[in-house]
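Undergrad: Quick one, input_3.cif (mmCIF, C-alpha atoms):
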data_coords
#
loop_
_atom_site.label_atom_id
_atom_site.label_comp_id
_atom_site.auth_asym_id
_atom_site.auth_seq_id
_atom_site.Cartn_x
_atom_site.Cartn_y
_atom_site.Cartn_z
CA MET A 24 -58.86 62.47 -16.08
CA LEU A 25 -60.83 59.98 -13.99
CA LYS A 26 -62.39 58.45 -17.10
CA LYS A 27 -59.71 55.82 -17.56
CA TYR A 28 -60.24 54.36 -14.09
CA PRO A 29 -62.98 51.79 -13.37
CA LYS A 30 -66.31 53.25 -12.31
CA THR A 31 -68.63 52.16 -9.51
CA GLY A 32 -69.96 48.66 -10.01
CA GLU A 33 -67.28 47.56 -12.44
CA LEU A 34 -65.70 44.16 -11.86
CA VAL A 35 -61.97 44.39 -11.18
CA ILE A 36 -59.21 41.88 -10.60
CA PRO A 37 -56.19 42.20 -8.30
CA GLY A 38 -53.68 44.81 -9.43
CA GLU A 39 -56.12 47.02 -11.30
CA LYS A 40 -55.51 50.74 -10.78
CA LEU A 41 -58.56 52.34 -9.15
CA SER A 42 -57.64 55.97 -8.66
CA PRO A 43 -54.87 58.38 -7.70
CA LEU A 44 -54.53 58.88 -3.95
CA GLU A 45 -55.36 62.58 -4.26
CA VAL A 46 -58.87 61.81 -5.50
CA PHE A 47 -60.03 59.08 -3.12
CA MET A 48 -59.18 57.60 0.26
CA PRO A 49 -58.40 53.85 0.26
CA GLY A 50 -61.10 51.61 1.76
CA GLU A 51 -61.35 47.82 2.07
CA ASN A 52 -59.68 45.29 -0.23
CA VAL A 53 -57.34 47.80 -1.83
CA TYR A 54 -53.69 48.67 -1.43
CA VAL A 55 -51.76 51.87 -1.95
CA GLU A 56 -48.50 52.14 -3.80
CA ASP A 57 -46.65 55.06 -5.37
CA GLY A 58 -49.57 57.45 -4.88
CA PHE A 59 -52.18 55.20 -6.51
CA ILE A 60 -54.90 52.95 -5.17
CA TYR A 61 -55.02 49.41 -6.58
CA ALA A 62 -57.53 46.58 -6.17
CA ALA A 63 -56.29 43.71 -4.01
CA LYS A 64 -59.22 41.32 -4.59
CA ILE A 65 -61.68 40.35 -7.27
CA GLY A 66 -64.89 42.28 -6.82
CA ASN A 67 -66.88 45.35 -7.70
CA VAL A 68 -65.46 48.82 -7.30
CA LEU A 69 -67.47 51.10 -5.06
CA GLN A 70 -66.86 54.83 -4.84
CA ASP A 71 -68.34 57.03 -2.16
CA LEU A 72 -68.27 60.48 -3.72
CA LYS A 73 -69.38 62.18 -0.47
CA LYS A 74 -66.76 60.62 1.73
CA ARG A 75 -64.26 60.46 -1.15
CA LYS A 76 -63.56 56.79 -0.52
CA VAL A 77 -62.96 53.90 -2.92
CA TRP A 78 -63.03 50.22 -2.08
CA VAL A 79 -63.64 46.80 -3.59
CA TYR A 80 -66.73 44.85 -2.61
CA SER A 81 -65.69 41.21 -2.54
CA ARG A 82 -68.41 38.83 -3.76
CA THR A 83 -67.27 35.94 -1.57
CA ASP A 84 -66.79 35.76 2.19
CA LYS A 85 -63.42 34.10 1.62
CA PRO A 86 -60.97 33.87 3.25
CA ALA A 87 -62.97 32.69 6.25
CA LEU A 88 -61.29 34.29 9.23
CA LEU A 89 -62.48 35.15 12.71
CA LYS A 90 -63.07 38.65 14.00
CA PRO A 91 -63.80 39.85 17.56
CA GLY A 92 -67.51 39.87 18.33
CA GLU A 93 -68.42 36.90 16.14
CA ILE A 94 -70.30 33.91 17.58
CA VAL A 95 -68.67 30.56 16.87
CA LEU A 96 -69.26 26.89 17.56
CA GLY A 97 -66.51 24.61 18.78
CA GLN A 98 -65.65 21.43 20.60
CA VAL A 99 -63.72 21.28 23.86
CA THR A 100 -60.53 19.34 23.20
CA GLN A 101 -58.47 19.90 26.33
CA ILE A 102 -59.22 21.14 29.83
CA LYS A 103 -56.61 22.64 32.10
CA ASP A 104 -57.09 24.07 35.59
CA LYS A 105 -57.62 27.65 34.53
CA SER A 106 -58.27 27.43 30.82
CA LEU A 107 -59.57 25.20 28.09
CA THR A 108 -58.88 24.65 24.41
CA VAL A 109 -61.64 24.70 21.80
CA LYS A 110 -61.58 23.39 18.26
CA ILE A 111 -63.65 25.98 16.39
CA PHE A 112 -65.39 24.44 13.41
CA ALA A 113 -68.20 26.81 12.53
CA LYS A 114 -69.29 30.39 12.65
CA LEU A 115 -72.90 31.15 13.62
CA LYS A 116 -73.04 34.94 13.47
CA PRO A 117 -73.01 37.07 11.38
CA LYS A 118 -73.28 34.28 8.79
CA LYS A 119 -73.34 30.50 9.19
CA THR A 120 -70.05 29.16 7.84
CA LEU A 121 -68.41 25.77 8.23
CA PHE A 122 -64.63 25.99 8.33
CA LYS A 123 -62.72 23.62 6.10
CA THR A 124 -59.88 23.53 8.59
CA PRO A 125 -60.69 24.22 12.25
CA PHE A 126 -59.17 27.04 14.27
CA THR A 127 -57.99 26.66 17.85
CA GLY A 128 -59.39 28.94 20.52
CA GLU A 129 -58.89 29.33 24.23
CA ILE A 130 -61.18 30.29 27.11
CA TYR A 131 -59.62 31.64 30.27
CA ILE A 132 -61.44 30.78 33.52
CA ALA A 133 -62.35 34.42 34.20
CA ASN A 134 -64.19 34.59 30.86
CA ALA A 135 -66.05 31.29 31.22
CA LYS A 136 -68.89 32.09 33.64
CA ARG A 137 -70.18 35.01 35.65
CA GLU A 138 -70.20 32.97 38.88
CA PHE A 139 -67.02 31.87 40.58
CA LEU A 140 -65.38 28.73 39.25
CA GLU A 141 -62.73 26.78 41.09
CA THR A 142 -61.52 24.87 38.04
CA MET A 143 -62.58 24.72 34.41
CA SER A 144 -63.58 21.04 34.68
CA GLN A 145 -66.55 22.06 36.86
CA ALA A 146 -68.19 23.88 33.96
CA PHE A 147 -67.05 21.90 30.91
CA THR A 148 -66.12 18.38 29.87
CA VAL A 149 -63.90 17.29 26.99
CA GLY A 150 -66.10 16.68 23.96
CA ASP A 151 -68.74 19.31 24.76
CA ILE A 152 -69.95 21.40 21.85
CA ILE A 153 -69.97 25.02 22.96
CA LYS A 154 -71.16 28.29 21.57
CA CYS A 155 -68.81 31.16 22.32
CA LYS A 156 -67.92 34.69 21.36
CA VAL A 157 -64.57 35.70 19.88
CA SER A 158 -63.06 38.35 22.11
CA LYS A 159 -59.57 38.77 20.70
CA VAL A 160 -57.59 37.49 17.73
CA THR A 161 -53.82 37.61 17.60
CA GLY A 162 -52.49 35.46 14.79
CA TYR A 163 -53.62 31.92 15.45
CA LEU A 164 -54.37 32.61 19.13
CA ILE A 165 -58.08 33.17 19.46
CA ALA A 166 -59.44 34.22 22.84
CA LEU A 167 -63.04 33.19 23.47
CA ASP A 168 -65.72 34.17 25.95
CA THR A 169 -68.79 32.30 27.30
CA LYS A 170 -69.92 34.74 30.00
CA ASP A 171 -73.16 35.68 28.30
CA PRO A 172 -76.25 33.58 29.23
CA ASP A 173 -76.77 32.84 25.53
CA LEU A 174 -73.36 31.24 25.34
CA GLY A 175 -72.06 27.96 26.74
CA ILE A 176 -72.64 24.27 26.16
CA VAL A 177 -75.12 23.43 23.40
CA TYR A 178 -74.50 19.69 23.30
CA SER A 179 -72.99 17.37 25.85
CA ARG A 180 -72.89 13.69 26.73
CA CYS A 181 -73.07 11.89 30.05
CA THR A 182 -69.61 11.03 31.34
CA LYS A 183 -70.87 7.70 32.65
CA CYS A 184 -73.15 6.27 29.94
CA TYR A 185 -72.23 8.58 27.02
CA ILE A 186 -75.85 9.43 26.26
CA PRO A 187 -76.66 13.00 25.10
CA LEU A 188 -77.71 15.01 28.15
CA LYS A 189 -81.01 16.81 28.46
CA ALA A 190 -81.56 20.27 29.86
CA VAL A 191 -84.00 20.43 32.76
CA THR A 192 -85.13 23.55 34.55
CA ILE A 193 -84.80 23.34 38.31
CA LYS A 194 -85.51 26.48 40.35
CA ARG A 195 -85.44 28.60 37.17
CA LYS A 196 -81.96 27.34 36.43
CA GLN A 197 -81.07 25.24 33.43
CA ILE A 198 -79.29 22.09 34.52
CA LEU A 199 -78.06 19.14 32.51
CA GLN A 200 -79.27 15.67 33.37
CA CYS A 201 -78.65 12.25 31.93
CA PRO A 202 -81.96 10.70 30.84
CA LYS A 203 -80.70 7.18 31.62
CA CYS A 204 -78.71 7.29 34.85
CA LYS A 205 -80.33 10.55 36.10
CA ILE A 206 -76.98 12.06 37.10
CA ILE A 207 -77.20 15.84 37.43
CA TYR A 208 -74.44 18.16 36.30
CA PRO A 209 -75.23 21.27 38.35
CA ASN A 210 -72.31 23.58 37.56
CA LYS A 211 -72.17 23.27 33.77
CA LYS A 212 -72.21 26.50 31.78
CA VAL A 213 -75.29 25.77 29.68
CA ALA A 214 -76.39 28.00 26.83
CA ARG A 215 -80.03 29.11 26.65
CA ASP A 216 -80.59 27.26 23.38
CA TYR A 217 -79.12 23.95 24.57
CA GLY A 218 -79.87 21.18 22.06
CA LYS A 219 -81.51 23.53 19.59
CA ILE A 220 -78.64 24.48 17.29
CA ILE A 221 -79.08 23.35 13.72
CA LEU A 222 -76.08 23.91 11.48
CA HIS A 223 -77.59 23.40 8.05
CA MET B 5 -36.80 19.06 -16.80
CA ASN B 6 -34.88 16.24 -18.38
CA GLU B 7 -35.94 13.48 -16.02
CA GLU B 8 -39.55 14.01 -16.89
CA MET B 9 -38.89 14.33 -20.58
CA SER B 10 -36.78 11.23 -20.88
CA TYR B 11 -39.93 9.18 -20.49
CA MET B 12 -41.73 10.98 -23.20
CA LEU B 13 -39.53 10.62 -26.23
CA GLU B 14 -37.67 7.48 -26.88
CA LYS B 15 -35.92 8.74 -30.01
CA LYS B 16 -34.25 12.03 -30.66
CA PRO B 17 -35.76 13.76 -33.70
CA GLU B 18 -33.28 14.51 -36.49
CA LYS B 19 -34.36 18.12 -36.77
CA LEU B 20 -36.46 20.30 -34.54
CA PHE B 21 -37.84 22.28 -37.48
CA ARG B 22 -39.89 21.11 -40.42
CA ASP B 23 -38.92 21.89 -44.00
CA ASP B 24 -41.48 24.68 -44.19
CA GLY B 25 -39.69 26.44 -41.33
CA LYS B 26 -42.31 25.60 -38.71
CA ARG B 27 -41.64 23.71 -35.53
CA LEU B 28 -42.39 19.99 -35.20
CA SER B 29 -45.68 20.78 -33.50
CA GLY B 30 -46.63 22.94 -36.49
CA ARG B 31 -46.25 26.21 -34.61
CA ASP B 32 -44.44 29.35 -35.65
CA LEU B 33 -41.38 30.53 -33.74
CA PHE B 34 -43.29 32.76 -31.35
CA GLU B 35 -46.58 30.91 -31.23
CA LEU B 36 -47.99 29.59 -27.98
CA ARG B 37 -49.73 26.27 -27.53
CA PRO B 38 -53.53 26.50 -27.08
CA ILE B 39 -54.35 27.48 -23.48
CA LYS B 40 -57.57 26.93 -21.56
CA MET B 41 -58.15 28.10 -18.02
CA LYS B 42 -60.97 27.53 -15.58
CA VAL B 43 -61.34 28.96 -12.09
CA GLY B 44 -63.20 27.52 -9.10
CA ILE B 45 -63.39 23.88 -10.10
CA LEU B 46 -63.01 22.30 -6.67
CA GLU B 47 -65.87 22.49 -4.20
CA ASN B 48 -63.93 21.96 -0.99
CA ALA B 49 -60.87 24.10 -1.66
CA ASP B 50 -60.82 27.81 -0.76
CA GLY B 51 -59.56 28.57 -4.24
CA SER B 52 -58.86 26.40 -7.26
CA ALA B 53 -57.98 26.53 -10.92
CA PHE B 54 -57.46 24.18 -13.83
CA ILE B 55 -55.19 24.87 -16.76
CA GLU B 56 -54.81 23.06 -20.04
CA TRP B 57 -51.69 24.29 -21.79
CA GLY B 58 -51.08 22.22 -24.90
CA LYS B 59 -51.14 18.72 -23.47
CA ASN B 60 -50.30 19.89 -19.95
CA LYS B 61 -53.21 19.45 -17.59
CA ILE B 62 -52.80 20.88 -14.11
CA ILE B 63 -55.13 21.31 -11.14
CA VAL B 64 -54.25 23.78 -8.39
CA ALA B 65 -55.96 24.02 -5.01
CA VAL B 66 -55.43 26.70 -2.37
CA TYR B 67 -56.31 26.28 1.28
CA GLY B 68 -56.02 28.96 3.90
CA PRO B 69 -55.07 31.16 5.60
CA ARG B 70 -55.31 28.46 8.24
CA GLU B 71 -53.61 27.33 11.40
CA ILE B 72 -50.03 26.24 10.98
CA HIS B 73 -48.74 22.96 12.35
CA PRO B 74 -46.12 22.53 13.77
CA LYS B 75 -46.62 25.91 15.39
CA HIS B 76 -42.94 26.81 15.50
CA MET B 77 -43.15 27.16 11.71
CA ALA B 78 -45.33 30.24 12.11
CA ILE B 79 -43.81 33.57 11.08
CA PRO B 80 -44.85 36.26 13.60
CA THR B 81 -45.17 39.04 11.03
CA GLN B 82 -46.72 37.33 8.03
CA ALA B 83 -48.34 34.20 6.63
CA ARG B 84 -46.23 31.34 5.38
CA LEU B 85 -46.83 30.16 1.83
CA ARG B 86 -46.38 26.44 1.32
CA CYS B 87 -46.36 24.98 -2.17
CA ARG B 88 -46.44 21.36 -3.22
CA TYR B 89 -45.85 20.48 -6.83
CA ASN B 90 -46.71 16.87 -7.51
CA MET B 91 -46.76 14.88 -10.72
CA ALA B 92 -49.29 12.09 -10.96
CA ALA B 93 -47.86 8.67 -11.67
CA PHE B 94 -49.80 8.62 -14.94
CA SER B 95 -48.76 12.10 -16.06
CA THR B 96 -45.88 10.88 -18.18
CA SER B 97 -45.85 8.23 -20.91
CA GLU B 98 -43.71 5.94 -18.77
CA ARG B 99 -45.06 5.54 -15.23
CA LYS B 100 -43.50 8.00 -12.80
CA LYS B 101 -42.70 6.76 -9.33
CA PRO B 102 -45.16 8.57 -7.08
CA GLY B 103 -44.13 10.94 -4.33
CA PRO B 104 -41.76 13.84 -4.01
CA ASP B 105 -38.42 13.61 -5.75
CA ARG B 106 -35.50 15.97 -6.26
CA ARG B 107 -37.14 17.68 -9.22
CA SER B 108 -40.57 18.23 -7.67
CA ILE B 109 -39.08 19.53 -4.42
CA GLU B 110 -37.06 22.07 -6.38
CA LEU B 111 -40.05 23.08 -8.49
CA SER B 112 -42.18 23.54 -5.36
CA LYS B 113 -39.57 25.95 -4.04
CA VAL B 114 -39.24 27.81 -7.31
CA ILE B 115 -43.01 28.19 -7.70
CA ARG B 116 -43.37 29.37 -4.11
CA GLU B 117 -40.76 32.05 -4.67
CA ALA B 118 -42.45 33.15 -7.88
CA LEU B 119 -45.80 33.61 -6.13
CA VAL B 120 -44.73 35.25 -2.85
CA PRO B 121 -44.05 38.76 -4.28
CA ALA B 122 -47.63 38.98 -5.56
CA LEU B 123 -49.27 38.25 -2.21
CA LEU B 124 -49.96 40.56 0.73
CA LEU B 125 -48.90 37.97 3.27
CA GLU B 126 -48.46 40.45 6.11
CA LYS B 127 -52.26 40.63 6.49
CA PHE B 128 -52.39 37.14 8.00
CA PRO B 129 -49.59 36.76 10.53
CA LYS B 130 -48.83 33.35 12.08
CA THR B 131 -50.95 31.43 9.59
CA VAL B 132 -50.26 29.29 6.55
CA ILE B 133 -51.54 29.28 2.98
CA ASP B 134 -51.21 25.94 1.24
CA VAL B 135 -50.97 25.63 -2.52
CA PHE B 136 -51.27 22.12 -3.97
CA ILE B 137 -50.32 21.67 -7.60
CA GLU B 138 -51.22 18.35 -9.20
CA VAL B 139 -49.89 17.68 -12.68
CA LEU B 140 -52.28 15.25 -14.37
CA GLU B 141 -50.63 15.26 -17.78
CA SER B 142 -47.34 16.81 -18.80
CA GLU B 143 -45.78 17.91 -22.05
CA GLY B 144 -42.98 20.26 -21.05
CA GLY B 145 -43.31 23.65 -19.41
CA THR B 146 -45.27 22.43 -16.41
CA ARG B 147 -43.61 24.91 -14.07
CA VAL B 148 -44.83 27.95 -15.99
CA ALA B 149 -48.30 26.46 -16.40
CA SER B 150 -48.35 25.72 -12.66
CA ILE B 151 -47.42 29.28 -11.74
CA THR B 152 -50.10 30.69 -14.05
CA ALA B 153 -52.76 28.38 -12.62
CA ALA B 154 -51.60 28.87 -9.02
CA SER B 155 -51.97 32.64 -9.27
CA LEU B 156 -55.52 32.16 -10.55
CA ALA B 157 -56.33 29.81 -7.67
CA LEU B 158 -54.88 32.30 -5.18
CA ALA B 159 -57.01 35.09 -6.62
CA ASP B 160 -60.06 32.81 -6.46
CA SER B 161 -59.38 32.05 -2.79
CA GLY B 162 -60.01 35.72 -2.00
CA LEU B 163 -56.52 36.42 -0.74
CA PRO B 164 -55.40 40.01 -1.22
CA MET B 165 -52.90 40.19 -4.07
CA LYS B 166 -50.84 42.93 -5.64
CA ASP B 167 -51.13 41.44 -9.09
CA LEU B 168 -51.55 38.14 -10.88
CA VAL B 169 -48.47 36.15 -11.84
CA THR B 170 -48.05 35.02 -15.40
CA ALA B 171 -45.33 32.73 -16.66
CA VAL B 172 -44.05 31.43 -19.96
CA ALA B 173 -40.87 29.80 -21.22
CA ALA B 174 -38.68 30.99 -24.05
CA GLY B 175 -35.78 29.02 -25.45
CA LYS B 176 -33.37 28.30 -28.22
CA ILE B 177 -33.66 25.35 -30.58
CA ASP B 178 -31.38 24.71 -33.54
CA GLY B 179 -29.97 28.22 -33.14
CA LYS B 180 -33.37 29.99 -33.21
CA ILE B 181 -35.19 31.70 -30.39
CA VAL B 182 -38.65 30.24 -29.82
CA LEU B 183 -41.48 30.63 -27.35
CA ASP B 184 -43.24 28.05 -25.20
CA LEU B 185 -41.10 24.95 -25.60
CA ASP B 186 -42.70 21.53 -25.60
CA SER B 187 -41.05 18.38 -24.33
CA ALA B 188 -38.95 17.55 -27.41
CA GLU B 189 -37.74 21.11 -27.81
CA ASP B 190 -36.95 21.34 -24.14
CA MET B 191 -34.99 18.12 -24.16
CA TYR B 192 -33.05 18.48 -27.37
CA GLY B 193 -32.96 22.26 -27.67
CA GLU B 194 -29.97 24.39 -26.75
CA ALA B 195 -31.47 26.59 -24.05
CA ASP B 196 -34.59 27.02 -21.94
CA LEU B 197 -35.60 30.27 -20.20
CA PRO B 198 -38.71 30.08 -18.04
CA ILE B 199 -39.82 33.44 -16.66
CA ALA B 200 -42.68 34.60 -14.46
CA ILE B 201 -43.79 38.21 -14.27
CA MET B 202 -46.38 40.39 -12.64
CA PRO B 203 -47.70 41.96 -15.85
CA ARG B 204 -49.18 45.17 -14.46
CA ARG B 205 -46.28 45.95 -12.21
CA LYS B 206 -43.77 44.78 -14.81
CA GLU B 207 -41.72 42.87 -12.26
CA ILE B 208 -39.99 39.57 -12.86
CA THR B 209 -40.62 37.06 -10.08
CA LEU B 210 -38.89 34.06 -11.61
CA ILE B 211 -36.13 33.70 -14.12
CA GLN B 212 -34.14 30.55 -14.75
CA MET B 213 -31.94 29.48 -17.59
CA ASP B 214 -30.63 26.14 -18.62
CA GLY B 215 -28.26 26.03 -21.63
CA LYS B 216 -26.42 28.79 -23.40
CA MET B 217 -27.52 32.00 -25.13
CA THR B 218 -25.67 35.06 -26.29
CA PRO B 219 -26.64 38.39 -24.63
CA GLN B 220 -28.52 39.42 -27.80
CA GLU B 221 -30.43 36.16 -27.88
CA LEU B 222 -31.26 36.49 -24.20
CA ARG B 223 -32.60 39.99 -24.77
CA LEU B 224 -34.77 38.80 -27.66
CA ALA B 225 -36.02 35.75 -25.74
CA LEU B 226 -36.84 37.86 -22.69
CA GLY B 227 -38.66 40.46 -24.77
CA LYS B 228 -40.72 37.85 -26.57
CA ALA B 229 -41.51 36.02 -23.32
CA ILE B 230 -42.73 39.24 -21.70
CA GLU B 231 -44.92 39.94 -24.73
CA ALA B 232 -46.38 36.44 -24.49
CA CYS B 233 -47.02 36.96 -20.77
CA GLN B 234 -49.26 39.90 -21.63
CA GLN B 235 -51.28 37.58 -23.90
CA ILE B 236 -51.58 34.98 -21.17
CA TYR B 237 -52.51 37.67 -18.66
CA GLU B 238 -55.50 38.59 -20.80
CA MET B 239 -56.57 34.93 -20.75
CA GLN B 240 -56.18 34.81 -16.97
CA LYS B 241 -58.27 37.94 -16.66
CA ARG B 242 -60.98 36.45 -18.85
CA ALA B 243 -61.03 33.23 -16.81
CA LEU B 244 -61.43 35.16 -13.56
CA LEU B 245 -64.09 37.50 -14.87
CA GLU B 246 -65.98 34.51 -16.28
CA ARG B 247 -66.19 33.02 -12.81
CA TYR B 248 -67.21 36.21 -11.05
CA LYS B 249 -69.51 37.87 -13.55
CA ILE B 250 -73.18 38.12 -12.55
#
Would you mind writing the structure in this file as structure tokens?
TA:
Amino acid sequence: MLKKYPKTGELVIPGEKLSPLEVFMPGENVYVEDGFIYAAKIGNVLQDLKKRKVWVYSRTDKPALLKPGEIVLGQVTQIKDKSLTVKIFAKLKPKKTLFKTPFTGEIYIANAKREFLETMSQAFTVGDIIKCKVSKVTGYLIALDTKDPDLGIVYSRCTKCYIPLKAVTIKRKQILQCPKCKIIYPNKKVARDYGKIILH
Amino acid sequence: MNEEMSYMLEKKPEKLFRDDGKRLSGRDLFELRPIKMKVGILENADGSAFIEWGKNKIIVAVYGPREIHPKHMAIPTQARLRCRYNMAAFSTSERKKPGPDRRSIELSKVIREALVPALLLEKFPKTVIDVFIEVLESEGGTRVASITAASLALADSGLPMKDLVTAVAAGKIDGKIVLDLDSAEDMYGEADLPIAIMPRRKEITLIQMDGKMTPQELRLALGKAIEACQQIYEMQKRALLERYKI
């Protein structure tokens, strides 16, 4: 009876009937209707005969959406007292992806740094490029997190002379300093790999 | 469709059938124009498709799901589908004034409503999916060609879909039911019946009629259009598999 349904590895298009619901459990990229499992995306059918599961393996990583736990790159666009807004333009982990249209994320002050912060403007400046982790996604609201030492600012400019800042280590602590006017920014949340991120 | 067509033919033909019983374009009653489809032609779009249907040439680009602006437009339970049908100024024989007009706004709405039932929009709440349809050359029946190409572009963009959408127009010219009307037949014929269906699910997502038909004629036209949709569906399938085969 199963012979008329596509086998493992076969390329299917949306709407193709994969199996009756009694035979397999629905996995990813499929939908269930009237007791049958149908493909919802273009891709290869995969059947797990041990777990009795069928799903479609999509060949592309489209649509590019964010999931909790992913590491992203964004630019600070607005700073409020207790939160800041980030324009997310790229994903670093699990796979490097540049977004065609940016997403908007938000960092709450409690999730910005392990140490106490009075206001967000102590740790970030508008225009900073930051590396952060997605902690929660609800529709277009994306909550971000920079608590981890790996996360934080990866590129910043001096607020006075607009020159890219350099990271200097003072008392085992990474601190940003302007190479021209020598101003020190002691409270910035700097990522470990400051200035080392290459997108391409 | 008359606004568009008025540019194309200056004179009304005396008859819409030749002496040998074929149509002016040389086709039989239920013969489609040659159709070519290509998927994934635009680098920067999430999904794209190009269709050449007779002399119609249409490019469709899909972007999204992405953030919606203004944000009050967001639907809390599902994604919003936005469609823009646009005819290039050079798409007709007489220059068309660029920009949206009454006709293209209506067609955008109609195409959107034909595509929505095929999409699983509830998977992406509070976001937007944009579909841009650019008509580069037109020869009647652009709405059905647009729907066919748009469903290919949506499938290429990786959005979960219930089925593809296929569309074709039937009609009545000089008292005979025909398939896939071109501009002259559309303009001087008696009736036009564009339909869009989801071929596997056998559901109609768009049906419009302009002109008059008897119930028997309507039944025949509908039956023939659905048959033709199955043919076009096979072409759509081939175009998609061509793009994704190893």
Undergrad: Around the point (-41.5, 28.4, -1.2), in the coordinates given by the file, pick out the residues reaching within 12 Å, counting only C-alpha atoms, and return them as a JSON list (two decimals) with C-alpha atoms, in the frame of the given file.
TA:
[["chain", "number", "residue", "atom", "x", "y", "z"],
["B", 83, "ALA", "CA", -48.34, 34.20, 6.63],
["B", 84, "ARG", "CA", -46.23, 31.34, 5.38],
["B", 85, "LEU", "CA", -46.83, 30.16, 1.83],
["B", 86, "ARG", "CA", -46.38, 26.44, 1.32],
["B", 87, "CYS", "CA", -46.36, 24.98, -2.17],
["B", 88, "ARG", "CA", -46.44, 21.36, -3.22],
["B", 89, "TYR", "CA", -45.85, 20.48, -6.83],
["B", 109, "ILE", "CA", -39.08, 19.53, -4.42],
["B", 110, "GLU", "CA", -37.06, 22.07, -6.38],
["B", 111, "LEU", "CA", -40.05, 23.08, -8.49],
["B", 112, "SER", "CA", -42.18, 23.54, -5.36],
["B", 113, "LYS", "CA", -39.57, 25.95, -4.04],
["B", 114, "VAL", "CA", -39.24, 27.81, -7.31],
["B", 115, "ILE", "CA", -43.01, 28.19, -7.70],
["B", 116, "ARG", "CA", -43.37, 29.37, -4.11],
["B", 117, "GLU", "CA", -40.76, 32.05, -4.67],
["B", 118, "ALA", "CA", -42.45, 33.15, -7.88],
["B", 119, "LEU", "CA", -45.80, 33.61, -6.13],
["B", 120, "VAL", "CA", -44.73, 35.25, -2.85],
["B", 121, "PRO", "CA", -44.05, 38.76, -4.28],
["B", 132, "VAL", "CA", -50.26, 29.29, 6.55],
["B", 133, "ILE", "CA", -51.54, 29.28, 2.98],
["B", 134, "ASP", "CA", -51.21, 25.94, 1.24],
["B", 135, "VAL", "CA", -50.97, 25.63, -2.52],
["B", 136, "PHE", "CA", -51.27, 22.12, -3.97]]
Undergrad: Provide as a PyMOL selection string the residues of chain B at most 9 Å from chain A, counting all atoms listed in the file.
TA: chain B and resi 48-51+67-72+80-81+124+128-131+159-168+204-205+241+244-245+248-249
Undergrad: Have a look at atom CA of Ser144 of chain A and atom CA of Cys204 of chain A and let me know their distance in Å, one decimal.
TA: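 Separating atom CA of Ser144 of chain A from atom CA of Cys204 of chain A is a distance of 20.4 Å.
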Undergrad: List the residues matched by the PyMOL selection byres ((chain A and resi 131) around 10) in the displayed structure as a PyMOL selection string, ordered by chain and then by residue number.
TA: chain A and resi 103-108+129-130+132-136+143+166-169
Undergrad: Quote the spacing between atom CA of Ile153 of chain A and atom CA of Lys114 of chain A in Å to one decimal place.
TA: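 Atom CA of Lys114 of chain A lies 11.6 Å from atom CA of Ile153 of chain A.
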Undergrad: One decimal, Å: what's the distance from atom CA of Gln240 of chain B over to atom CA of Leu156 of chain B, could you say?
TA: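 Atom CA of Leu156 of chain B lies 7.0 Å from atom CA of Gln240 of chain B.
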